[in-house]
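Here's my_file03.pdb, which has PDB, C-alpha atoms:
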```pdb
ATOM      1  CA  MET E 252     133.065  24.053 -29.104
ATOM      2  CA  LYS E 253     130.504  26.785 -29.488
ATOM      3  CA  LEU E 254     127.078  26.167 -27.936
ATOM      4  CA  ILE E 255     125.235  27.603 -30.928
ATOM      5  CA  PRO E 256     127.649  27.509 -33.883
ATOM      6  CA  GLU E 257     126.504  30.020 -36.498
ATOM      7  CA  VAL E 258     126.917  28.595 -39.976
ATOM      8  CA  GLU E 259     125.542  30.025 -43.192
ATOM      9  CA  VAL E 260     123.999  27.222 -45.239
ATOM     10  CA  SER E 261     121.006  26.848 -47.508
ATOM     11  CA  GLN E 262     117.862  26.571 -45.390
ATOM     12  CA  THR E 263     116.938  23.313 -47.092
ATOM     13  CA  THR E 264     120.287  21.847 -46.024
ATOM     14  CA  ALA E 265     119.712  23.173 -42.503
ATOM     15  CA  SER E 266     116.249  21.592 -42.252
ATOM     16  CA  ARG E 267     117.458  18.265 -43.621
ATOM     17  CA  ALA E 268     120.418  18.146 -41.240
ATOM     18  CA  TYR E 269     118.101  18.968 -38.330
ATOM     19  CA  ALA E 270     115.593  16.290 -39.312
ATOM     20  CA  ARG E 271     118.379  13.712 -39.577
ATOM     21  CA  GLU E 272     120.103  14.679 -36.307
ATOM     22  CA  LEU E 273     116.839  14.939 -34.370
ATOM     23  CA  PHE E 274     115.502  11.660 -35.714
ATOM     24  CA  THR E 275     118.702   9.817 -34.760
ATOM     25  CA  ALA E 276     118.674  11.291 -31.254
ATOM     26  CA  MET E 277     114.962  10.543 -30.720
ATOM     27  CA  ALA E 278     115.304   6.977 -31.997
ATOM     28  CA  ALA E 279     118.192   6.432 -29.565
ATOM     29  CA  TYR E 280     116.072   8.034 -26.834
ATOM     30  CA  VAL E 281     113.163   5.650 -27.393
ATOM     31  CA  VAL E 282     115.534   2.670 -27.277
ATOM     32  CA  ALA E 283     117.201   4.048 -24.116
ATOM     33  CA  VAL E 284     113.846   4.531 -22.358
ATOM     34  CA  LEU E 285     112.578   1.069 -23.313
ATOM     35  CA  VAL E 286     115.809  -0.588 -22.198
ATOM     36  CA  THR E 287     116.100   1.310 -18.908
ATOM     37  CA  VAL E 288     112.425   0.783 -17.993
ATOM     38  CA  LYS E 289     112.663  -2.948 -18.758
ATOM     39  CA  PHE E 290     115.934  -3.645 -16.953
ATOM     40  CA  THR E 291     115.871  -1.247 -13.997
ATOM     41  CA  PRO E 292     114.572  -3.940 -11.561
ATOM     42  CA  ASP E 293     117.508  -6.207 -12.475
ATOM     43  CA  VAL E 294     120.145  -3.534 -11.990
ATOM     44  CA  ASP E 295     122.236  -3.461  -8.821
ATOM     45  CA  PRO E 296     120.628  -0.841  -6.509
ATOM     46  CA  LEU E 297     123.958   0.974  -6.301
ATOM     47  CA  LEU E 298     123.999   1.503 -10.080
ATOM     48  CA  ARG E 299     120.303   2.188 -10.417
ATOM     49  CA  VAL E 300     120.576   5.982 -10.265
ATOM     50  CA  PRO E 301     123.016   6.374 -13.167
ATOM     51  CA  PHE E 302     121.202   3.594 -15.043
ATOM     52  CA  VAL E 303     117.788   5.267 -15.052
ATOM     53  CA  LEU E 304     119.437   8.492 -16.227
ATOM     54  CA  ILE E 305     120.840   6.909 -19.409
ATOM     55  CA  PRO E 306     118.081   8.476 -21.610
ATOM     56  CA  LEU E 307     119.592  11.871 -20.750
ATOM     57  CA  ILE E 308     122.447  11.104 -23.155
ATOM     58  CA  PRO E 309     120.320  10.910 -26.347
ATOM     59  CA  SER E 310     118.246  13.835 -24.967
ATOM     60  CA  ALA E 311     121.409  15.924 -24.891
ATOM     61  CA  PHE E 312     121.980  15.037 -28.547
ATOM     62  CA  ALA E 313     118.423  16.148 -29.376
ATOM     63  CA  LEU E 314     119.094  19.480 -27.665
ATOM     64  CA  ARG E 315     122.372  19.757 -29.559
ATOM     65  CA  ALA E 316     120.511  19.142 -32.835
ATOM     66  CA  TYR E 317     118.066  21.971 -32.057
ATOM     67  CA  LEU E 318     120.844  24.393 -31.088
ATOM     68  CA  ARG E 319     122.761  23.560 -34.273
ATOM     69  CA  PHE E 320     119.571  24.138 -36.244
ATOM     70  CA  LEU E 321     119.161  27.534 -34.547
ATOM     71  CA  GLY E 322     122.717  28.409 -35.559
ATOM     72  CA  ARG E 323     122.035  27.471 -39.177
ATOM     73  CA  MET E 324     118.655  29.193 -39.312
ATOM     74  CA  ASP E 325     118.271  32.505 -41.111
ATOM     75  CA  GLU E 326     117.465  35.651 -39.143
ATOM     76  CA  LEU E 327     113.692  35.525 -39.635
ATOM     77  CA  GLY E 328     113.684  31.853 -38.624
ATOM     78  CA  ARG E 329     115.447  32.793 -35.389
ATOM     79  CA  ARG E 330     113.005  35.596 -34.681
ATOM     80  CA  ILE E 331     110.085  33.212 -35.205
ATOM     81  CA  GLN E 332     111.727  30.735 -32.837
ATOM     82  CA  LEU E 333     112.167  33.460 -30.222
ATOM     83  CA  GLU E 334     108.484  34.384 -30.443
ATOM     84  CA  ALA E 335     107.417  30.718 -30.453
ATOM     85  CA  LEU E 336     109.539  29.934 -27.393
ATOM     86  CA  ALA E 337     108.315  33.075 -25.603
ATOM     87  CA  ILE E 338     104.683  32.123 -26.205
ATOM     88  CA  GLY E 339     105.334  28.487 -25.222
ATOM     89  CA  PHE E 340     107.327  29.410 -22.116
ATOM     90  CA  GLY E 341     104.786  31.946 -20.853
ATOM     91  CA  ALA E 342     101.729  29.834 -21.630
ATOM     92  CA  ALA E 343     103.301  26.727 -20.027
ATOM     93  CA  GLY E 344     104.094  28.741 -16.893
ATOM     94  CA  MET E 345     100.539  30.057 -16.685
ATOM     95  CA  LEU E 346      98.901  26.676 -17.315
ATOM     96  CA  THR E 347     101.084  24.694 -14.895
ATOM     97  CA  PHE E 348     100.588  27.281 -12.167
ATOM     98  CA  ALA E 349      96.868  27.398 -12.864
ATOM     99  CA  TYR E 350      96.752  23.621 -12.452
ATOM    100  CA  GLY E 351      98.778  23.908  -9.239
ATOM    101  CA  PHE E 352      96.104  26.280  -7.882
ATOM    102  CA  LEU E 353      93.392  23.878  -9.038
ATOM    103  CA  GLU E 354      95.104  21.078  -7.087
ATOM    104  CA  ASN E 355      94.543  23.213  -3.982
ATOM    105  CA  ALA E 356      90.858  23.150  -4.910
ATOM    106  CA  GLY E 357      90.863  19.350  -4.972
ATOM    107  CA  PHE E 358      91.918  18.482  -8.535
ATOM    108  CA  PRO E 359      93.971  15.254  -8.748
ATOM    109  CA  GLN E 360      97.731  15.639  -8.420
ATOM    110  CA  LEU E 361      99.490  15.098 -11.761
ATOM    111  CA  SER E 362     103.060  13.981 -12.323
ATOM    112  CA  TYR E 363     105.424  16.690 -13.503
ATOM    113  CA  VAL E 364     106.557  14.557 -16.451
ATOM    114  CA  PHE E 365     103.500  16.118 -18.156
ATOM    115  CA  VAL E 366     105.055  19.588 -17.977
ATOM    116  CA  PHE E 367     107.617  19.134 -20.739
ATOM    117  CA  PRO E 368     105.259  17.585 -23.345
ATOM    118  CA  LEU E 369     102.877  20.472 -22.561
ATOM    119  CA  MET E 370     105.735  22.936 -23.168
ATOM    120  CA  ILE E 371     106.523  21.272 -26.492
ATOM    121  CA  CYS E 372     102.864  21.500 -27.604
ATOM    122  CA  LEU E 373     102.618  25.168 -26.599
ATOM    123  CA  TRP E 374     105.935  25.901 -28.331
ATOM    124  CA  GLY E 375     104.500  24.337 -31.495
ATOM    125  CA  LEU E 376     101.353  26.417 -31.112
ATOM    126  CA  GLY E 377     103.502  29.514 -30.555
ATOM    127  CA  GLY E 378     105.420  28.590 -33.726
ATOM    128  CA  ALA E 379     102.195  28.527 -35.736
ATOM    129  CA  VAL E 380     101.168  31.946 -34.357
ATOM    130  CA  ALA E 381     104.624  33.467 -34.963
ATOM    131  CA  THR E 382     104.873  32.018 -38.501
ATOM    132  CA  ARG E 383     101.509  33.522 -39.453
ATOM    133  CA  ARG E 384     102.705  36.966 -38.372
ATOM    134  CA  TYR E 385     105.212  37.008 -41.225
ATOM    135  CA  GLN E 386     103.006  35.550 -43.961
TER
ATOM    136  CA  MET C 161     109.756  49.412 -45.099
ATOM    137  CA  LYS C 162     109.056  49.301 -48.836
ATOM    138  CA  ASN C 163     111.511  47.625 -51.175
ATOM    139  CA  THR C 164     111.928  46.723 -54.827
ATOM    140  CA  LEU C 165     112.892  43.130 -54.206
ATOM    141  CA  LYS C 166     109.982  41.659 -56.133
ATOM    142  CA  VAL C 167     110.753  43.782 -59.216
ATOM    143  CA  LEU C 168     114.485  43.013 -59.079
ATOM    144  CA  ARG C 169     113.726  39.323 -58.739
ATOM    145  CA  ALA C 170     111.280  39.421 -61.662
ATOM    146  CA  GLU C 171     113.895  41.174 -63.830
ATOM    147  CA  ARG C 172     116.173  38.187 -63.364
ATOM    148  CA  ASP C 173     113.352  35.731 -63.707
ATOM    149  CA  TRP C 174     114.184  34.075 -60.402
ATOM    150  CA  SER C 175     111.661  32.235 -58.283
ATOM    151  CA  GLN C 176     111.411  33.055 -54.566
ATOM    152  CA  ALA C 177     113.107  29.727 -53.866
ATOM    153  CA  GLU C 178     115.981  30.585 -56.206
ATOM    154  CA  LEU C 179     116.527  33.958 -54.576
ATOM    155  CA  ALA C 180     116.263  32.312 -51.153
ATOM    156  CA  ASP C 181     119.048  29.883 -52.078
ATOM    157  CA  ARG C 182     121.298  32.682 -53.315
ATOM    158  CA  LEU C 183     120.827  34.546 -50.030
ATOM    159  CA  ALA C 184     120.986  31.409 -47.818
ATOM    160  CA  VAL C 185     117.582  32.259 -46.336
ATOM    161  CA  SER C 186     114.290  30.394 -46.501
ATOM    162  CA  ARG C 187     111.620  30.986 -49.152
ATOM    163  CA  GLN C 188     109.405  32.139 -46.298
ATOM    164  CA  THR C 189     111.957  34.862 -45.500
ATOM    165  CA  VAL C 190     112.076  36.056 -49.122
ATOM    166  CA  ASN C 191     108.286  36.236 -49.106
ATOM    167  CA  ALA C 192     108.217  38.160 -45.793
ATOM    168  CA  LEU C 193     110.816  40.605 -47.168
ATOM    169  CA  GLU C 194     108.912  41.150 -50.420
ATOM    170  CA  THR C 195     105.608  41.778 -48.665
ATOM    171  CA  GLY C 196     107.307  44.148 -46.211
ATOM    172  CA  LYS C 197     106.312  42.007 -43.233
ATOM    173  CA  TYR C 198     109.932  41.709 -42.194
ATOM    174  CA  ASP C 199     112.789  44.201 -42.503
ATOM    175  CA  PRO C 200     116.204  42.561 -42.941
ATOM    176  CA  SER C 201     119.249  43.072 -40.734
ATOM    177  CA  LEU C 202     121.933  45.388 -42.115
ATOM    178  CA  PRO C 203     124.198  42.475 -43.218
ATOM    179  CA  LEU C 204     121.314  40.807 -45.086
ATOM    180  CA  ALA C 205     120.256  44.117 -46.648
ATOM    181  CA  PHE C 206     123.821  44.623 -47.935
ATOM    182  CA  LYS C 207     123.904  41.090 -49.247
ATOM    183  CA  ILE C 208     120.644  41.656 -51.145
ATOM    184  CA  ALA C 209     121.885  44.940 -52.595
ATOM    185  CA  GLN C 210     125.199  43.356 -53.644
ATOM    186  CA  LEU C 211     123.440  40.406 -55.253
ATOM    187  CA  PHE C 212     121.464  42.782 -57.484
ATOM    188  CA  GLY C 213     124.404  45.162 -57.987
ATOM    189  CA  ARG C 214     122.535  48.082 -56.384
ATOM    190  CA  ARG C 215     123.015  50.370 -53.422
ATOM    191  CA  ILE C 216     120.966  49.610 -50.301
ATOM    192  CA  GLU C 217     118.918  52.795 -50.716
ATOM    193  CA  ASP C 218     118.017  51.727 -54.254
ATOM    194  CA  VAL C 219     116.506  48.520 -52.921
ATOM    195  CA  PHE C 220     115.010  49.718 -49.623
ATOM    196  CA  ASP C 221     113.061  52.921 -49.122
ATOM    197  CA  PRO C 222     112.909  53.964 -45.456
ATOM    198  CA  HIS C 223     110.372  56.708 -46.177
ATOM    199  CA  ALA C 224     107.696  54.446 -47.565
ATOM    200  CA  GLY C 225     105.589  51.721 -46.004
TER
END
```
Rewritten as structure tokens:
Amino acid sequence: MKLIPEVEVSQTTASRAYARELFTAMAAYVVAVLVTVKFTPDVDPLLRVPFVLIPLIPSAFALRAYLRFLGRMDELGRRIQLEALAIGFGAAGMLTFAYGFLENAGFPQLSYVFVFPLMICLWGLGGAVATRRYQ
Amino acid sequence: MKNTLKVLRAERDWSQAELADRLAVSRQTVNALETGKYDPSLPLAFKIAQLFGRRIEDVFDPHAG
């Protein structure tokens, strides 16, 4: 199986398939998180590690949906994604490091689960900037 | 790079969305091509030329824009 299968389809079809695949994966993810958070205390300590990692399975399907979407995207769409990811990646690196330095100056320590949502927001912002460049 | 995409499309009375569907690209891509904000890859340029029954150099002018 190819990691990013390149398929030529209408872009409307590609967007619809992505929306459907991503929605299914995210719905499963929400259920997986709710279930694992609720039942972790009841789970045998020996099985607790694999149990709390169950949400990784629907996450992998979400990643798969995005990679399939990339493969179905037209060439300008891919370029915009590259620019959006570059902006998001760089800005997230700068901001998280800046906050790390601020922690040295006494700012409260934050959990690193905030890093990924921040990356997603900056990726979205990068997407808006990159899209405008070609309008 | 300048191109005659908009004229060729108008001759056939196609909307940007219609042309986009025929090329399997987004409407946004057709718009970016027409306004010269984005130059297509060689395979896409050939596909565009073939769709309109022209040669690449009749659609795209490397000396302008």
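Checking E:Gly328, E:Pro296, E:Gly351, E:Gly357 one by one against Arg187 of chain C, counting all atoms listed in the file, you find the shortest gap at E:Gly328.
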Next item on the list: To verify the selection step, state as an NGL selection string which residues the ChimeraX specification (/E :<10) & /C yields on this input.
Entry: :C and (180-193 or 195-201 or 204)
Check: Skipping near chain neighbours, those fewer than 2 positions away, what residues fall within 10 Å of Gly375 of chain E using all atoms listed in the file, listed as a list in words?
Finding: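 Close residues of Gly375 of chain E: Gln332, Ala335, Leu336, Ile338, Gly339, Leu369, Met370, Ile371, Cys372, Leu373, Gly377, Gly378, Ala379, Val380 and Ala381 of chain E.
Across the structure, atom CA of Asp295 of chain E and atom CA of Phe367 of chain E are spaced 29.4 Å apart.
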Notebook entry, point to check: Neighbours of Ala313 of chain E within 7 Å (only C-alpha atoms; same-chain residues fewer than 3 positions away dropped), as a list in words?
Noted result: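 Answer for this query is Leu273, Ala276, Met277, Pro309, Ser310, Ala316 and Tyr317 of chain E.
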Next item on the list: Would you write out, as a ChimeraX atom specification, every residue that the PyMOL selection byres ((chain E and resi 285-293) around 8) captures in this file?
Entry: /E:281-284,294-295,299,302-303,305-306
Check: Rounded to one decimal in Å, what is the spacing between atom CA of Ala342 of chain E and atom CA of Arg315 of chain E?
Finding: 24.3 Å
